[in-house]
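Notes to accompany the following structure.
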Amino acid sequence: MSKKHLTYDDRLAIQAGLQRGLKVARIAKQIGKDRSTVGREIRAHRRLVASSGGNSCVHRESCSRIPSCRTQCHRGKRQCQSACGGCNEGCSDYQEQFCPDYEKSPFVCNGCEKRMRCRLRRMLYDAKNAQERYESTLSQTRRGISLTESELNQINEILSPLIKQGHSIPVICERYRDQLPVSDRTIYSYVDAGLLDARNIDLRRKLRRPERKKSGPVLRVDRRCHQGRTYEEYLEYMSRNPDAMVSQMDSVVLHKGGQTLLTILFTNCDLQLMYLRERNTAASVTEIFADLRRRLGGKGFCTLFQVILTDRGSEFTDPVRIEGSEAEGKGQCRVFYCEPMNSNQKSSCERNHELIRYIIPKNKAKEAYTEEEIKRMMNHINSYPRKKWNGQAPIDLFMKIYGEETATLLGLEKIQPDSICLTPALLK
């Protein structure tokens, strides 16, 4: 009887079969697994890698800009006879071409005879990498908790007031056993992780215990939310929809277990929206998107938010409500996730956070911030000119693309260059 999960030996056998150019059905028969199981494994753990060089633009055969490239080549080439690899970096009309063979068995380039001379990026399957990603995914799913936001709020409403009145957790749990779906020990973990209003300082005996260096549980609304929304699927989607507007989303924690910023950066102008949340939960994120829909309207929202790329934080585990529920207009945008521990895949958003830390240094945040203060910081940062945009500020570019009315609906306001402050003094 075969095991439910693929083993490392199975993955090595899959890689060996792919190297020999075998189809998925043949590989599945050799390792005694179902064909669909092997197909899902390959598609889930394959990855795009750099090509051997050359131009990979879809227009390379019919490019009309080659004559001007010969005299203005940013790589210094003057005798270029055809579109070269430099177009991948310097041409505004560049659109990457992807191999259509990715969509049919065996879904990768491991055994392709043209692989070494192909100018396109290659989709490869590596057993070691696949095993590491599988183990990482398995670990993440076991770390989460299975409560919904409403169930957690119910626990919070029962426990937190009594804990702050000096009651112990075991006594409260004994009294409200029929209303609490978790054990005493689990509640201690929730308090330690900052998921409740009550804190460790409210637990007298907890203060005597040495602090554990173990991360607490996280609340995931949907543990399988990443399926169909991986980074590889993001790349595939963008290859089919190259004109789609991409936003990068992240969180900036001001106080552990407390105030947190939601940041949304528009990659076509580097303007970053910032919203203050009292708790870093999935509900706080979806509430902000519901408010954006109300303010912008359906058409305005779809213009700004078409593709959203974010990390795998627990606050982003309700993508269906971010994309739009049935009541709000299902499918208004698409949410995709970076690979675990690969925040560089949304590097523009991460770089912009450096400006936030100029104003609110890490571990030096004041006790509490107001929405007006965060709005002021957002406008100062977005009004700061960037060398990347030839001295223009993100807010200037945003208004040129989307208009002043849209900027006003989002609370954006231009700050004059001489008045911009990017130090902690701005919020003092």
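Each chain of the structure tokens is named A, B, ... in the order shown, its residues numbered from 1; ligands are numbered from 1 in display order.
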Q: Find the residues near A:Met274: any atom within 7 Å, counting only C-alpha atoms, skip ones fewer than 4 places away on the same chain, and give them as a list in words.
A: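 So, after excluding close chain neighbours, the residues are Leu261, Leu262, Thr263, Ile264, Ile374 and Met378 of chain A.
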Kindly save the residues from that selection, with all heavy atoms included, as an mmCIF file, in the first residue's frame.
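Produced file again.cif, reproduced below:
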```cif
data_model
loop_
_atom_site.group_PDB
_atom_site.id
_atom_site.type_symbol
_atom_site.label_atom_id
_atom_site.label_comp_id
_atom_site.auth_asym_id
_atom_site.auth_seq_id
_atom_site.Cartn_x
_atom_site.Cartn_y
_atom_site.Cartn_z
ATOM 1 N N LEU A 261 0.815 48.742 10.355
ATOM 2 C CA LEU A 261 0.454 49.429 9.121
ATOM 3 C C LEU A 261 0.214 48.410 8.010
ATOM 4 O O LEU A 261 0.959 47.441 7.883
ATOM 5 C CB LEU A 261 1.567 50.376 8.668
ATOM 6 C CG LEU A 261 1.935 51.539 9.576
ATOM 7 C CD1 LEU A 261 3.029 52.372 8.924
ATOM 8 C CD2 LEU A 261 0.726 52.404 9.885
ATOM 9 N N LEU A 262 -0.815 48.646 7.197
ATOM 10 C CA LEU A 262 -0.987 47.934 5.936
ATOM 11 C C LEU A 262 -0.455 48.850 4.845
ATOM 12 O O LEU A 262 -0.884 50.005 4.743
ATOM 13 C CB LEU A 262 -2.453 47.605 5.668
ATOM 14 C CG LEU A 262 -2.729 46.954 4.300
ATOM 15 C CD1 LEU A 262 -2.184 45.534 4.271
ATOM 16 C CD2 LEU A 262 -4.210 46.972 3.973
ATOM 17 N N THR A 263 0.492 48.380 4.054
ATOM 18 C CA THR A 263 1.047 49.193 2.978
ATOM 19 C C THR A 263 0.723 48.547 1.625
ATOM 20 O O THR A 263 0.822 47.338 1.475
ATOM 21 C CB THR A 263 2.568 49.350 3.108
ATOM 22 O OG1 THR A 263 3.210 48.069 2.976
ATOM 23 C CG2 THR A 263 2.933 49.946 4.459
ATOM 24 N N ILE A 264 0.340 49.385 0.658
ATOM 25 C CA ILE A 264 0.032 48.931 -0.702
ATOM 26 C C ILE A 264 0.789 49.836 -1.669
ATOM 27 O O ILE A 264 0.535 51.048 -1.702
ATOM 28 C CB ILE A 264 -1.469 48.987 -1.002
ATOM 29 C CG1 ILE A 264 -2.269 48.239 0.078
ATOM 30 C CG2 ILE A 264 -1.769 48.405 -2.378
ATOM 31 C CD1 ILE A 264 -3.773 48.426 -0.038
ATOM 32 N N ILE A 374 -0.518 58.910 10.538
ATOM 33 C CA ILE A 374 -0.095 57.988 9.474
ATOM 34 C C ILE A 374 -0.372 58.592 8.107
ATOM 35 O O ILE A 374 0.442 58.454 7.178
ATOM 36 C CB ILE A 374 -0.821 56.630 9.629
ATOM 37 C CG1 ILE A 374 -0.474 55.997 10.990
ATOM 38 C CG2 ILE A 374 -0.440 55.697 8.486
ATOM 39 C CD1 ILE A 374 1.006 55.832 11.251
ATOM 40 N N MET A 378 2.377 59.312 5.232
ATOM 41 C CA MET A 378 2.177 58.794 3.879
ATOM 42 C C MET A 378 2.364 59.903 2.838
ATOM 43 O O MET A 378 3.042 59.707 1.821
ATOM 44 C CB MET A 378 0.770 58.196 3.761
ATOM 45 C CG MET A 378 0.387 57.754 2.360
ATOM 46 S SD MET A 378 -1.297 57.073 2.280
ATOM 47 C CE MET A 378 -2.286 58.574 2.472
#
```
Q: Using only C-alpha atoms, find the one residue out of A:Arg40, A:His255, A:Arg223, A:Arg376 that sits nearest to A:Thr137.
A: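 Among A:Arg40, A:His255, A:Arg223, A:Arg376, it is A:Arg223 that comes nearest to A:Thr137.
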